[in-house]
Amino acid sequence: MNLHRRALVVFFALAAATLAYSPRMRVYDDRASLPGGPTWVRGNRLAAPGPTIARPVVLWHGMGDSGDDPGMRKLAIALEAHGLTVHRVLVGRDANADRMRSYLDDISKQVAEVCAQLRAVPGLREHGIHAIGFSQGGLFARALIQRCPEVKVHRLITFASPHQGIADVPAGWCTAQPLWCGIARAALRRGAYVPSVQHKVVQAGYVRTQWDLDAYRRGNLFLPAVNNENTEDVEYADRVRALEKLVLVKHADDTVLIPAETAWFSELIDATTLVPLHNTTQYKRDSLGLRTLDDRGDLVFAELPGDHMQFSVESFLETVLPFLLPSEAPMLVHQTE
């Protein structure tokens, strides 16, 4: 099979499989539906966590969602009730286009488009922002920090984001939908790094095949670049170091991310060996600025109960508000309508 035909086969296989499986955000109105708030695992959360002033907050959704979906609107309203200005990332002409582009797009082009979008929003460029990214949206928000210096991001909070990529399709999906699982797994293993697939299928941009890291570093056009794995871009690392806070939230029962610890920058180096961030070469060399943040106490690790992108409004606010509201601001209790 020639490269062009192979690319088409892989493209349509991955596209069909990702469209068939959509681990969308589920936001509960009350904690009783999903008990428990964040567990603070590591990081200097309590030492003057609040910013000096309240800044606009940008929300970037994950795969299968849209900036205009009910869950995103619900979170935005909850933040606005605390006096925060909220901007929800929306790419494309409407919510349907935005949702489709969470599957089928060139990640680098999308990040550049959002950079231009935010530069045009009155007040965001002048005063800087805080950003919250959900699943792949957290990874893209980090890329925005690294590639869009015109928009100053002061604090970044990511929920279950694949910072070190994904190694496989979700295990639970393979049980529920074995046909689509098999299609996606075969496509991932045989052609995720075909250039045309890299430019068209979003999820291919953060596939990290631990069984062939050389192929990953050669063929993946997005993740090795933003993780400074091939050529170290000093400015990328410096922009991460310049963050006031980087908060990494993992779900305790995440069945979507393989491995779930990718949300904490842990690195899978073979089928069974998971290396925590603090033992990785990336951390030890400080090639991405994470060790600097950690030494300052500004790299925070938190864990929420539940599966991927499932939480209550209350637990969400409990996780993010300490990093968004000035220290002297009152902590209001969220009330559902």
# chains A, B, ... in the order shown; residues from 1 in each chain; ligands from 1

call {"tool": "select_by_dssp", "arguments": {"residues": "region 189-326 of chain A", "states": "alpha helix (DSSP H)", "output": "compact mmCIF listing (two decimals) with all heavy atoms, in the first residue's frame"}}
result
# COMPACT_ATOMS: atom_id res chain seq x y z
N ARG A 189 -1.58 2.23 15.95
CA ARG A 189 -0.31 1.52 15.91
C ARG A 189 0.34 1.56 14.54
O ARG A 189 1.56 1.51 14.42
CB ARG A 189 -0.52 0.06 16.35
CG ARG A 189 -0.87 -0.08 17.83
CD ARG A 189 -1.17 -1.53 18.19
NE ARG A 189 -1.51 -1.64 19.61
CZ ARG A 189 -0.63 -1.86 20.58
NH1 ARG A 189 0.65 -1.98 20.28
NH2 ARG A 189 -1.02 -1.95 21.84
N ARG A 190 -0.47 1.66 13.49
CA ARG A 190 0.08 1.54 12.15
C ARG A 190 0.28 2.86 11.41
O ARG A 190 1.01 2.89 10.43
CB ARG A 190 -0.83 0.64 11.30
CG ARG A 190 -0.91 -0.78 11.79
CD ARG A 190 -1.76 -1.64 10.88
NE ARG A 190 -1.87 -3.00 11.39
CZ ARG A 190 -2.55 -3.98 10.79
NH1 ARG A 190 -3.16 -3.72 9.63
NH2 ARG A 190 -2.61 -5.18 11.31
N GLY A 191 -0.36 3.92 11.88
CA GLY A 191 -0.24 5.11 11.05
C GLY A 191 -0.52 6.43 11.71
O GLY A 191 -0.77 7.42 11.02
N PRO A 195 2.20 11.88 8.08
CA PRO A 195 2.07 13.34 8.13
C PRO A 195 0.66 13.87 7.89
O PRO A 195 0.20 14.77 8.60
CB PRO A 195 3.04 13.81 7.03
CG PRO A 195 4.08 12.74 6.98
CD PRO A 195 3.35 11.46 7.26
N SER A 196 -0.04 13.32 6.91
CA SER A 196 -1.38 13.84 6.64
C SER A 196 -2.34 13.55 7.79
O SER A 196 -3.27 14.32 8.04
CB SER A 196 -1.92 13.25 5.33
OG SER A 196 -1.87 11.85 5.35
N VAL A 197 -2.13 12.44 8.50
CA VAL A 197 -2.94 12.13 9.68
C VAL A 197 -2.61 13.12 10.80
O VAL A 197 -3.50 13.64 11.49
CB VAL A 197 -2.72 10.69 10.14
CG1 VAL A 197 -3.43 10.41 11.46
CG2 VAL A 197 -3.19 9.71 9.07
N GLN A 198 -1.33 13.39 10.98
CA GLN A 198 -0.92 14.35 12.00
C GLN A 198 -1.56 15.72 11.78
O GLN A 198 -1.88 16.43 12.72
CB GLN A 198 0.60 14.49 11.98
CG GLN A 198 1.33 13.34 12.66
CD GLN A 198 1.22 13.39 14.16
OE1 GLN A 198 1.53 14.40 14.80
NE2 GLN A 198 0.76 12.30 14.76
N HIS A 199 -1.76 16.09 10.53
CA HIS A 199 -2.32 17.40 10.22
C HIS A 199 -3.85 17.42 10.26
O HIS A 199 -4.43 18.51 10.21
CB HIS A 199 -1.87 17.86 8.84
CG HIS A 199 -0.42 18.28 8.78
ND1 HIS A 199 0.06 19.35 9.50
CD2 HIS A 199 0.62 17.77 8.10
CE1 HIS A 199 1.36 19.48 9.26
NE2 HIS A 199 1.73 18.54 8.41
N LYS A 200 -4.49 16.25 10.35
CA LYS A 200 -5.95 16.22 10.24
C LYS A 200 -6.67 15.63 11.44
O LYS A 200 -7.83 15.96 11.67
CB LYS A 200 -6.35 15.45 8.97
CG LYS A 200 -5.99 16.16 7.68
CD LYS A 200 -6.47 15.37 6.47
CE LYS A 200 -6.24 16.14 5.18
NZ LYS A 200 -4.82 16.31 4.87
N LEU A 213 9.68 4.89 20.70
CA LEU A 213 9.82 6.32 20.98
C LEU A 213 10.55 7.06 19.87
O LEU A 213 10.32 8.26 19.67
CB LEU A 213 10.54 6.52 22.32
CG LEU A 213 9.73 6.12 23.57
CD1 LEU A 213 10.58 6.27 24.82
CD2 LEU A 213 8.45 6.94 23.70
N ASP A 214 11.41 6.36 19.14
CA ASP A 214 12.08 7.01 18.01
C ASP A 214 11.06 7.41 16.94
O ASP A 214 11.12 8.52 16.40
CB ASP A 214 13.13 6.08 17.40
CG ASP A 214 14.37 5.95 18.28
OD1 ASP A 214 14.58 6.85 19.12
OD2 ASP A 214 15.11 4.96 18.13
N ALA A 215 10.12 6.51 16.65
CA ALA A 215 9.08 6.83 15.67
C ALA A 215 8.22 7.98 16.17
O ALA A 215 7.83 8.87 15.40
CB ALA A 215 8.22 5.60 15.40
N TYR A 216 7.94 7.98 17.46
CA TYR A 216 7.15 9.07 18.06
C TYR A 216 7.86 10.41 17.90
O TYR A 216 7.26 11.40 17.46
CB TYR A 216 6.90 8.75 19.54
CG TYR A 216 6.66 9.94 20.41
CD1 TYR A 216 5.46 10.65 20.34
CD2 TYR A 216 7.63 10.37 21.33
CE1 TYR A 216 5.24 11.76 21.15
CE2 TYR A 216 7.41 11.46 22.13
CZ TYR A 216 6.21 12.17 22.05
OH TYR A 216 6.01 13.26 22.85
N ARG A 217 9.13 10.45 18.22
CA ARG A 217 9.86 11.72 18.15
C ARG A 217 10.05 12.19 16.72
O ARG A 217 10.10 13.40 16.46
CB ARG A 217 11.20 11.58 18.87
CG ARG A 217 11.05 11.35 20.38
CD ARG A 217 12.37 11.41 21.11
NE ARG A 217 12.19 11.16 22.54
CZ ARG A 217 12.50 10.02 23.15
NH1 ARG A 217 13.03 9.02 22.43
NH2 ARG A 217 12.29 9.87 24.44
N ARG A 218 10.15 11.25 15.79
CA ARG A 218 10.29 11.62 14.38
C ARG A 218 8.96 12.03 13.77
O ARG A 218 8.89 12.98 12.99
CB ARG A 218 10.87 10.46 13.57
CG ARG A 218 12.32 10.15 13.81
CD ARG A 218 12.85 9.23 12.72
NE ARG A 218 11.97 8.08 12.47
CZ ARG A 218 12.08 6.91 13.08
NH1 ARG A 218 13.04 6.72 13.98
NH2 ARG A 218 11.25 5.92 12.83
N GLY A 219 7.91 11.29 14.11
CA GLY A 219 6.66 11.41 13.37
C GLY A 219 5.58 12.28 13.99
O GLY A 219 4.74 12.83 13.28
N LEU A 223 3.33 16.95 19.99
CA LEU A 223 3.69 16.74 21.40
C LEU A 223 5.20 16.81 21.66
O LEU A 223 5.61 17.48 22.62
CB LEU A 223 3.12 15.41 21.90
CG LEU A 223 3.21 15.19 23.41
CD1 LEU A 223 2.38 16.24 24.16
CD2 LEU A 223 2.76 13.79 23.79
N PRO A 224 6.06 16.16 20.87
CA PRO A 224 7.50 16.29 21.16
C PRO A 224 7.98 17.74 21.08
O PRO A 224 8.90 18.13 21.81
CB PRO A 224 8.16 15.44 20.06
CG PRO A 224 7.10 14.49 19.61
CD PRO A 224 5.82 15.26 19.73
N ALA A 225 7.34 18.54 20.24
CA ALA A 225 7.74 19.95 20.12
C ALA A 225 7.40 20.72 21.37
O ALA A 225 8.25 21.43 21.95
CB ALA A 225 7.07 20.58 18.89
N VAL A 226 6.15 20.63 21.86
CA VAL A 226 5.76 21.41 23.04
C VAL A 226 6.36 20.85 24.32
O VAL A 226 6.42 21.54 25.33
CB VAL A 226 4.22 21.54 23.16
CG1 VAL A 226 3.66 22.29 21.97
CG2 VAL A 226 3.56 20.19 23.34
N VAL A 234 14.29 27.25 24.35
CA VAL A 234 14.47 27.93 25.64
C VAL A 234 13.27 28.81 25.97
O VAL A 234 12.84 28.90 27.13
CB VAL A 234 15.77 28.77 25.62
CG1 VAL A 234 15.90 29.59 26.91
CG2 VAL A 234 16.98 27.86 25.46
N GLU A 235 12.70 29.44 24.95
CA GLU A 235 11.55 30.32 25.20
C GLU A 235 10.34 29.52 25.66
O GLU A 235 9.57 29.99 26.51
CB GLU A 235 11.22 31.11 23.94
CG GLU A 235 12.27 32.17 23.61
CD GLU A 235 11.86 33.05 22.44
OE1 GLU A 235 10.86 32.71 21.77
OE2 GLU A 235 12.52 34.08 22.22
N TYR A 236 10.14 28.32 25.11
CA TYR A 236 9.04 27.47 25.58
C TYR A 236 9.18 27.22 27.08
O TYR A 236 8.21 27.33 27.84
CB TYR A 236 9.04 26.14 24.84
CG TYR A 236 8.41 26.14 23.47
CD1 TYR A 236 8.04 27.33 22.84
CD2 TYR A 236 8.18 24.94 22.80
CE1 TYR A 236 7.46 27.32 21.58
CE2 TYR A 236 7.59 24.93 21.54
CZ TYR A 236 7.25 26.12 20.93
OH TYR A 236 6.67 26.11 19.69
N ALA A 237 10.37 26.83 27.51
CA ALA A 237 10.60 26.53 28.92
C ALA A 237 10.46 27.79 29.78
O ALA A 237 9.87 27.76 30.86
CB ALA A 237 11.97 25.90 29.10
N ASP A 238 10.99 28.89 29.30
CA ASP A 238 10.93 30.14 30.07
C ASP A 238 9.49 30.59 30.28
O ASP A 238 9.15 31.15 31.34
CB ASP A 238 11.73 31.23 29.37
CG ASP A 238 13.24 31.06 29.53
OD1 ASP A 238 13.65 30.26 30.40
OD2 ASP A 238 13.99 31.71 28.78
N ARG A 239 8.64 30.39 29.28
CA ARG A 239 7.24 30.81 29.42
C ARG A 239 6.49 29.93 30.40
O ARG A 239 5.57 30.40 31.08
CB ARG A 239 6.57 30.82 28.05
CG ARG A 239 7.07 31.96 27.17
CD ARG A 239 6.68 31.82 25.73
NE ARG A 239 7.41 32.80 24.91
CZ ARG A 239 7.61 32.70 23.61
NH1 ARG A 239 7.13 31.65 22.94
NH2 ARG A 239 8.30 33.61 22.96
N VAL A 240 6.86 28.67 30.52
CA VAL A 240 6.28 27.81 31.55
C VAL A 240 6.79 28.24 32.92
O VAL A 240 6.03 28.36 33.88
CB VAL A 240 6.60 26.33 31.28
CG1 VAL A 240 6.14 25.46 32.46
CG2 VAL A 240 5.90 25.86 29.99
N ARG A 241 8.10 28.52 33.02
CA ARG A 241 8.68 28.96 34.29
C ARG A 241 8.05 30.26 34.79
O ARG A 241 7.98 30.52 35.98
CB ARG A 241 10.19 29.20 34.14
CG ARG A 241 11.02 27.96 33.95
CD ARG A 241 12.51 28.28 34.00
NE ARG A 241 13.28 27.10 33.64
CZ ARG A 241 13.82 26.89 32.43
NH1 ARG A 241 13.67 27.81 31.48
NH2 ARG A 241 14.49 25.79 32.19
N THR A 281 13.86 12.49 32.94
CA THR A 281 14.95 13.32 32.44
C THR A 281 14.45 14.74 32.20
O THR A 281 15.17 15.73 32.47
CB THR A 281 15.51 12.74 31.15
OG1 THR A 281 15.99 11.41 31.40
CG2 THR A 281 16.66 13.58 30.61
N GLN A 282 13.22 14.86 31.72
CA GLN A 282 12.63 16.18 31.46
C GLN A 282 12.64 17.04 32.72
O GLN A 282 12.98 18.22 32.67
CB GLN A 282 11.21 15.99 30.94
CG GLN A 282 10.45 17.24 30.60
CD GLN A 282 9.00 16.93 30.26
OE1 GLN A 282 8.21 16.58 31.13
NE2 GLN A 282 8.66 17.06 28.99
N TYR A 283 12.27 16.46 33.85
CA TYR A 283 12.23 17.20 35.11
C TYR A 283 13.65 17.50 35.61
O TYR A 283 13.96 18.63 36.00
CB TYR A 283 11.48 16.39 36.16
CG TYR A 283 11.38 17.06 37.51
CD1 TYR A 283 10.37 17.96 37.79
CD2 TYR A 283 12.31 16.77 38.51
CE1 TYR A 283 10.27 18.57 39.04
CE2 TYR A 283 12.22 17.38 39.75
CZ TYR A 283 11.20 18.28 40.02
OH TYR A 283 11.11 18.88 41.25
N LYS A 284 14.51 16.49 35.59
CA LYS A 284 15.85 16.66 36.12
C LYS A 284 16.65 17.71 35.35
O LYS A 284 17.41 18.47 35.93
CB LYS A 284 16.59 15.32 36.10
CG LYS A 284 16.01 14.30 37.07
CD LYS A 284 16.68 12.95 36.94
CE LYS A 284 16.08 11.92 37.90
NZ LYS A 284 16.71 10.58 37.74
N ARG A 285 16.45 17.77 34.03
CA ARG A 285 17.14 18.76 33.20
C ARG A 285 16.42 20.10 33.19
O ARG A 285 16.94 21.09 32.70
CB ARG A 285 17.28 18.24 31.77
CG ARG A 285 18.21 17.05 31.63
CD ARG A 285 18.21 16.51 30.22
NE ARG A 285 18.60 17.53 29.25
CZ ARG A 285 18.67 17.31 27.94
NH1 ARG A 285 18.35 16.12 27.45
NH2 ARG A 285 19.02 18.28 27.12
N LEU A 290 9.53 22.81 34.60
CA LEU A 290 8.69 22.26 35.66
C LEU A 290 9.43 22.17 36.99
O LEU A 290 8.84 22.38 38.06
CB LEU A 290 8.16 20.88 35.25
CG LEU A 290 7.29 20.87 34.00
CD1 LEU A 290 6.94 19.44 33.60
CD2 LEU A 290 6.02 21.69 34.21
N ARG A 291 10.72 21.85 36.95
CA ARG A 291 11.47 21.76 38.21
C ARG A 291 11.57 23.13 38.86
O ARG A 291 11.49 23.26 40.10
CB ARG A 291 12.86 21.19 37.95
CG ARG A 291 13.59 20.81 39.26
CD ARG A 291 14.97 20.26 38.98
NE ARG A 291 15.86 21.32 38.52
CZ ARG A 291 17.06 21.10 38.00
NH1 ARG A 291 17.51 19.87 37.86
NH2 ARG A 291 17.82 22.12 37.60
N THR A 292 11.74 24.18 38.06
CA THR A 292 11.78 25.54 38.62
C THR A 292 10.48 25.87 39.33
O THR A 292 10.48 26.40 40.45
CB THR A 292 12.04 26.57 37.49
OG1 THR A 292 13.32 26.31 36.91
CG2 THR A 292 12.02 27.98 38.04
N LEU A 293 9.35 25.57 38.67
CA LEU A 293 8.05 25.79 39.30
C LEU A 293 7.93 25.00 40.60
O LEU A 293 7.45 25.51 41.63
CB LEU A 293 6.93 25.39 38.35
CG LEU A 293 6.62 26.31 37.17
CD1 LEU A 293 5.58 25.66 36.27
CD2 LEU A 293 6.13 27.67 37.64
N ASP A 294 8.37 23.75 40.58
CA ASP A 294 8.26 22.89 41.74
C ASP A 294 9.13 23.41 42.88
O ASP A 294 8.70 23.43 44.05
CB ASP A 294 8.69 21.47 41.35
CG ASP A 294 8.18 20.42 42.32
OD1 ASP A 294 7.17 20.67 43.00
OD2 ASP A 294 8.80 19.35 42.41
N ASP A 295 10.35 23.84 42.56
CA ASP A 295 11.24 24.37 43.60
C ASP A 295 10.65 25.61 44.27
O ASP A 295 10.89 25.85 45.46
CB ASP A 295 12.61 24.70 43.01
CG ASP A 295 13.42 23.45 42.64
OD1 ASP A 295 13.05 22.36 43.10
OD2 ASP A 295 14.41 23.59 41.89
N ARG A 296 9.87 26.39 43.50
CA ARG A 296 9.23 27.58 44.07
C ARG A 296 7.95 27.24 44.84
O ARG A 296 7.36 28.11 45.47
CB ARG A 296 8.86 28.56 42.94
CG ARG A 296 10.00 29.19 42.22
CD ARG A 296 9.57 30.45 41.48
NE ARG A 296 8.26 30.39 40.87
CZ ARG A 296 8.02 30.40 39.54
NH1 ARG A 296 9.05 30.44 38.69
NH2 ARG A 296 6.80 30.37 39.09
N VAL A 313 -20.05 20.91 40.24
CA VAL A 313 -19.70 22.33 40.21
C VAL A 313 -18.98 22.71 41.49
O VAL A 313 -17.98 23.45 41.47
CB VAL A 313 -20.97 23.19 40.02
CG1 VAL A 313 -20.64 24.67 40.19
CG2 VAL A 313 -21.61 22.94 38.66
N GLU A 314 -19.44 22.18 42.62
CA GLU A 314 -18.84 22.54 43.90
C GLU A 314 -17.38 22.09 43.98
O GLU A 314 -16.51 22.84 44.42
CB GLU A 314 -19.64 21.90 45.05
CG GLU A 314 -19.16 22.34 46.43
CD GLU A 314 -20.01 21.74 47.54
OE1 GLU A 314 -21.03 21.10 47.24
OE2 GLU A 314 -19.62 21.92 48.71
N SER A 315 -17.09 20.85 43.55
CA SER A 315 -15.71 20.37 43.62
C SER A 315 -14.83 21.12 42.62
O SER A 315 -13.64 21.37 42.87
CB SER A 315 -15.64 18.87 43.38
OG SER A 315 -16.08 18.53 42.07
N PHE A 316 -15.40 21.52 41.48
CA PHE A 316 -14.66 22.33 40.51
C PHE A 316 -14.27 23.66 41.14
O PHE A 316 -13.10 24.08 41.08
CB PHE A 316 -15.52 22.55 39.27
CG PHE A 316 -14.99 23.61 38.33
CD1 PHE A 316 -13.90 23.37 37.52
CD2 PHE A 316 -15.60 24.87 38.27
CE1 PHE A 316 -13.41 24.36 36.67
CE2 PHE A 316 -15.12 25.85 37.42
CZ PHE A 316 -14.03 25.60 36.61
N LEU A 317 -15.24 24.34 41.77
CA LEU A 317 -14.95 25.64 42.39
C LEU A 317 -13.95 25.49 43.53
O LEU A 317 -13.06 26.34 43.71
CB LEU A 317 -16.24 26.27 42.89
CG LEU A 317 -17.23 26.73 41.81
CD1 LEU A 317 -18.50 27.26 42.46
CD2 LEU A 317 -16.62 27.78 40.89
N GLU A 318 -14.08 24.42 44.30
CA GLU A 318 -13.16 24.20 45.41
C GLU A 318 -11.72 24.00 44.90
O GLU A 318 -10.76 24.38 45.57
CB GLU A 318 -13.60 22.97 46.21
CG GLU A 318 -12.83 22.76 47.51
CD GLU A 318 -13.35 21.56 48.28
OE1 GLU A 318 -14.51 21.17 48.06
OE2 GLU A 318 -12.59 21.03 49.12
N THR A 319 -11.61 23.46 43.71
CA THR A 319 -10.29 23.23 43.13
C THR A 319 -9.69 24.50 42.56
O THR A 319 -8.50 24.78 42.76
CB THR A 319 -10.39 22.17 42.01
OG1 THR A 319 -10.96 20.97 42.53
CG2 THR A 319 -9.01 21.86 41.43
N VAL A 320 -10.49 25.31 41.85
CA VAL A 320 -9.91 26.41 41.07
C VAL A 320 -9.93 27.77 41.77
O VAL A 320 -9.05 28.60 41.55
CB VAL A 320 -10.61 26.54 39.69
CG1 VAL A 320 -10.52 25.23 38.93
CG2 VAL A 320 -12.05 27.02 39.81
N LEU A 321 -10.95 28.04 42.61
CA LEU A 321 -11.09 29.39 43.16
C LEU A 321 -9.89 29.85 43.98
O LEU A 321 -9.54 31.04 43.93
CB LEU A 321 -12.37 29.50 43.97
CG LEU A 321 -13.68 29.58 43.16
CD1 LEU A 321 -14.86 29.76 44.10
CD2 LEU A 321 -13.63 30.71 42.14
N PRO A 322 -9.24 28.98 44.76
CA PRO A 322 -8.08 29.47 45.52
C PRO A 322 -6.98 30.05 44.64
O PRO A 322 -6.17 30.85 45.11
CB PRO A 322 -7.58 28.21 46.25
CG PRO A 322 -8.78 27.34 46.37
CD PRO A 322 -9.55 27.57 45.10
N PHE A 323 -6.97 29.68 43.36
CA PHE A 323 -5.93 30.15 42.46
C PHE A 323 -6.40 31.28 41.54
O PHE A 323 -5.61 31.83 40.79
CB PHE A 323 -5.43 28.99 41.60
CG PHE A 323 -4.92 27.83 42.41
CD1 PHE A 323 -5.72 26.72 42.62
CD2 PHE A 323 -3.67 27.87 43.00
CE1 PHE A 323 -5.27 25.65 43.38
CE2 PHE A 323 -3.22 26.82 43.77
CZ PHE A 323 -4.01 25.70 43.96
N LEU A 324 -7.68 31.62 41.63
CA LEU A 324 -8.24 32.64 40.74
C LEU A 324 -8.66 33.91 41.46
O LEU A 324 -8.58 35.00 40.90
CB LEU A 324 -9.46 32.07 40.00
CG LEU A 324 -9.24 30.80 39.17
CD1 LEU A 324 -10.55 30.37 38.54
CD2 LEU A 324 -8.17 31.02 38.11

call {"tool": "closest_residue", "arguments": {"among": "A:His82, A:His127, A:Lys74, A:His61", "to": "Asp98 (chain A)", "atoms": "only C-alpha atoms"}}
result
A:His61

call {"tool": "select_by_dssp", "arguments": {"residues": "region 149-299 of chain A", "states": "strand (DSSP E or B)", "output": "ChimeraX atom specification"}}
result
/A:153-159,166,201,207,245-251,267-268,274-275,299

call {"tool": "closest_atom_pairs", "arguments": {"of": "region 206-325 of chain A", "to": "region 141-164 of chain A", "cutoff": "10 Å", "atoms": "only C-alpha atoms", "output": "JSON lines"}}
result
{"residue": "A:Tyr206", "atom": "CA", "partner": "A:Pro162", "partner_atom": "CA", "distance": 7.4}
{"residue": "A:Val207", "atom": "CA", "partner": "A:Gln164", "partner_atom": "CA", "distance": 8.9}
{"residue": "A:Arg208", "atom": "CA", "partner": "A:Gln164", "partner_atom": "CA", "distance": 7.5}
{"residue": "A:Phe222", "atom": "CA", "partner": "A:Ala143", "partner_atom": "CA", "distance": 9.3}
{"residue": "A:Leu223", "atom": "CA", "partner": "A:Gln164", "partner_atom": "CA", "distance": 7.8}
{"residue": "A:Pro224", "atom": "CA", "partner": "A:Gln164", "partner_atom": "CA", "distance": 9.0}
{"residue": "A:Ala225", "atom": "CA", "partner": "A:Ala143", "partner_atom": "CA", "distance": 9.4}
{"residue": "A:Val226", "atom": "CA", "partner": "A:Ala143", "partner_atom": "CA", "distance": 6.2}
{"residue": "A:Asn227", "atom": "CA", "partner": "A:Gln164", "partner_atom": "CA", "distance": 7.9}
{"residue": "A:Asp233", "atom": "CA", "partner": "A:Gln146", "partner_atom": "CA", "distance": 9.4}
{"residue": "A:Glu235", "atom": "CA", "partner": "A:Gln146", "partner_atom": "CA", "distance": 7.3}
{"residue": "A:Tyr236", "atom": "CA", "partner": "A:Gln146", "partner_atom": "CA", "distance": 4.7}
{"residue": "A:Ala237", "atom": "CA", "partner": "A:Gln146", "partner_atom": "CA", "distance": 7.6}
{"residue": "A:Asp238", "atom": "CA", "partner": "A:Gln146", "partner_atom": "CA", "distance": 8.4}
{"residue": "A:Arg239", "atom": "CA", "partner": "A:Gln146", "partner_atom": "CA", "distance": 5.8}
{"residue": "A:Val240", "atom": "CA", "partner": "A:Gln146", "partner_atom": "CA", "distance": 6.9}
{"residue": "A:Ala242", "atom": "CA", "partner": "A:His154", "partner_atom": "CA", "distance": 7.7}
{"residue": "A:Leu243", "atom": "CA", "partner": "A:His154", "partner_atom": "CA", "distance": 5.2}
{"residue": "A:Glu244", "atom": "CA", "partner": "A:Arg155", "partner_atom": "CA", "distance": 5.5}
{"residue": "A:Lys245", "atom": "CA", "partner": "A:Arg155", "partner_atom": "CA", "distance": 4.9}
{"residue": "A:Leu246", "atom": "CA", "partner": "A:Leu156", "partner_atom": "CA", "distance": 5.0}
{"residue": "A:Val247", "atom": "CA", "partner": "A:Ile157", "partner_atom": "CA", "distance": 4.6}
{"residue": "A:Leu248", "atom": "CA", "partner": "A:Thr158", "partner_atom": "CA", "distance": 5.3}
{"residue": "A:Val249", "atom": "CA", "partner": "A:Phe159", "partner_atom": "CA", "distance": 4.8}
{"residue": "A:Lys250", "atom": "CA", "partner": "A:Ala160", "partner_atom": "CA", "distance": 4.9}
{"residue": "A:His251", "atom": "CA", "partner": "A:Ala160", "partner_atom": "CA", "distance": 6.4}
{"residue": "A:Ala252", "atom": "CA", "partner": "A:Ala160", "partner_atom": "CA", "distance": 9.9}
{"residue": "A:Asp254", "atom": "CA", "partner": "A:Ala160", "partner_atom": "CA", "distance": 8.1}
{"residue": "A:Val256", "atom": "CA", "partner": "A:Ala160", "partner_atom": "CA", "distance": 9.3}
{"residue": "A:Leu257", "atom": "CA", "partner": "A:Pro162", "partner_atom": "CA", "distance": 7.0}
{"residue": "A:Ile258", "atom": "CA", "partner": "A:Pro162", "partner_atom": "CA", "distance": 8.7}
{"residue": "A:Pro259", "atom": "CA", "partner": "A:Pro162", "partner_atom": "CA", "distance": 8.7}
{"residue": "A:Ala260", "atom": "CA", "partner": "A:Ala160", "partner_atom": "CA", "distance": 7.5}
{"residue": "A:Glu261", "atom": "CA", "partner": "A:Pro162", "partner_atom": "CA", "distance": 8.4}
{"residue": "A:Thr262", "atom": "CA", "partner": "A:Gln164", "partner_atom": "CA", "distance": 5.1}
{"residue": "A:Ala263", "atom": "CA", "partner": "A:Ser161", "partner_atom": "CA", "distance": 4.8}
{"residue": "A:Trp264", "atom": "CA", "partner": "A:His163", "partner_atom": "CA", "distance": 7.4}
{"residue": "A:Phe265", "atom": "CA", "partner": "A:Gln164", "partner_atom": "CA", "distance": 5.4}
{"residue": "A:Ser266", "atom": "CA", "partner": "A:Gln164", "partner_atom": "CA", "distance": 6.7}
{"residue": "A:Glu267", "atom": "CA", "partner": "A:Gln164", "partner_atom": "CA", "distance": 6.1}
{"residue": "A:Leu268", "atom": "CA", "partner": "A:Gln164", "partner_atom": "CA", "distance": 8.2}
{"residue": "A:Leu277", "atom": "CA", "partner": "A:Gln164", "partner_atom": "CA", "distance": 9.7}
{"residue": "A:Leu288", "atom": "CA", "partner": "A:Gln146", "partner_atom": "CA", "distance": 10.0}
{"residue": "A:Asp298", "atom": "CA", "partner": "A:Arg155", "partner_atom": "CA", "distance": 9.7}
{"residue": "A:Val300", "atom": "CA", "partner": "A:Ile157", "partner_atom": "CA", "distance": 9.2}
{"residue": "A:Ala302", "atom": "CA", "partner": "A:Phe159", "partner_atom": "CA", "distance": 9.3}
{"residue": "A:Glu303", "atom": "CA", "partner": "A:Phe159", "partner_atom": "CA", "distance": 9.3}
{"residue": "A:Leu304", "atom": "CA", "partner": "A:Phe159", "partner_atom": "CA", "distance": 9.2}
{"residue": "A:Asp307", "atom": "CA", "partner": "A:Ala160", "partner_atom": "CA", "distance": 9.6}
{"residue": "A:His308", "atom": "CA", "partner": "A:Ala160", "partner_atom": "CA", "distance": 6.8}
{"residue": "A:Met309", "atom": "CA", "partner": "A:Ala160", "partner_atom": "CA", "distance": 7.2}
{"residue": "A:Phe316", "atom": "CA", "partner": "A:Phe159", "partner_atom": "CA", "distance": 9.7}
{"residue": "A:Thr319", "atom": "CA", "partner": "A:Ile157", "partner_atom": "CA", "distance": 9.2}
{"residue": "A:Val320", "atom": "CA", "partner": "A:Ile157", "partner_atom": "CA", "distance": 7.4}
{"residue": "A:Phe323", "atom": "CA", "partner": "A:Arg155", "partner_atom": "CA", "distance": 7.6}
{"residue": "A:Leu324", "atom": "CA", "partner": "A:Arg155", "partner_atom": "CA", "distance": 8.1}

call {"tool": "closest_residue", "arguments": {"among": "A:Pro170, A:Gly306, A:Gly128, A:Gly289", "to": "Ala54 (chain A)", "atoms": "only C-alpha atoms"}}
result
A:Gly128

call {"tool": "atom_distance", "arguments": {"atom1": "CA of Val41 (chain A)", "atom2": "CA of Leu274 (chain A)"}}
result
17.8 Å

call {"tool": "atom_distance", "arguments": {"atom1": "CA of Ser287 (chain A)", "atom2": "CA of Asp253 (chain A)"}}
result
29.9 Å

call {"tool": "atom_distance", "arguments": {"atom1": "CA of Gly37 (chain A)", "atom2": "CA of Pro305 (chain A)"}}
result
7.2 Å
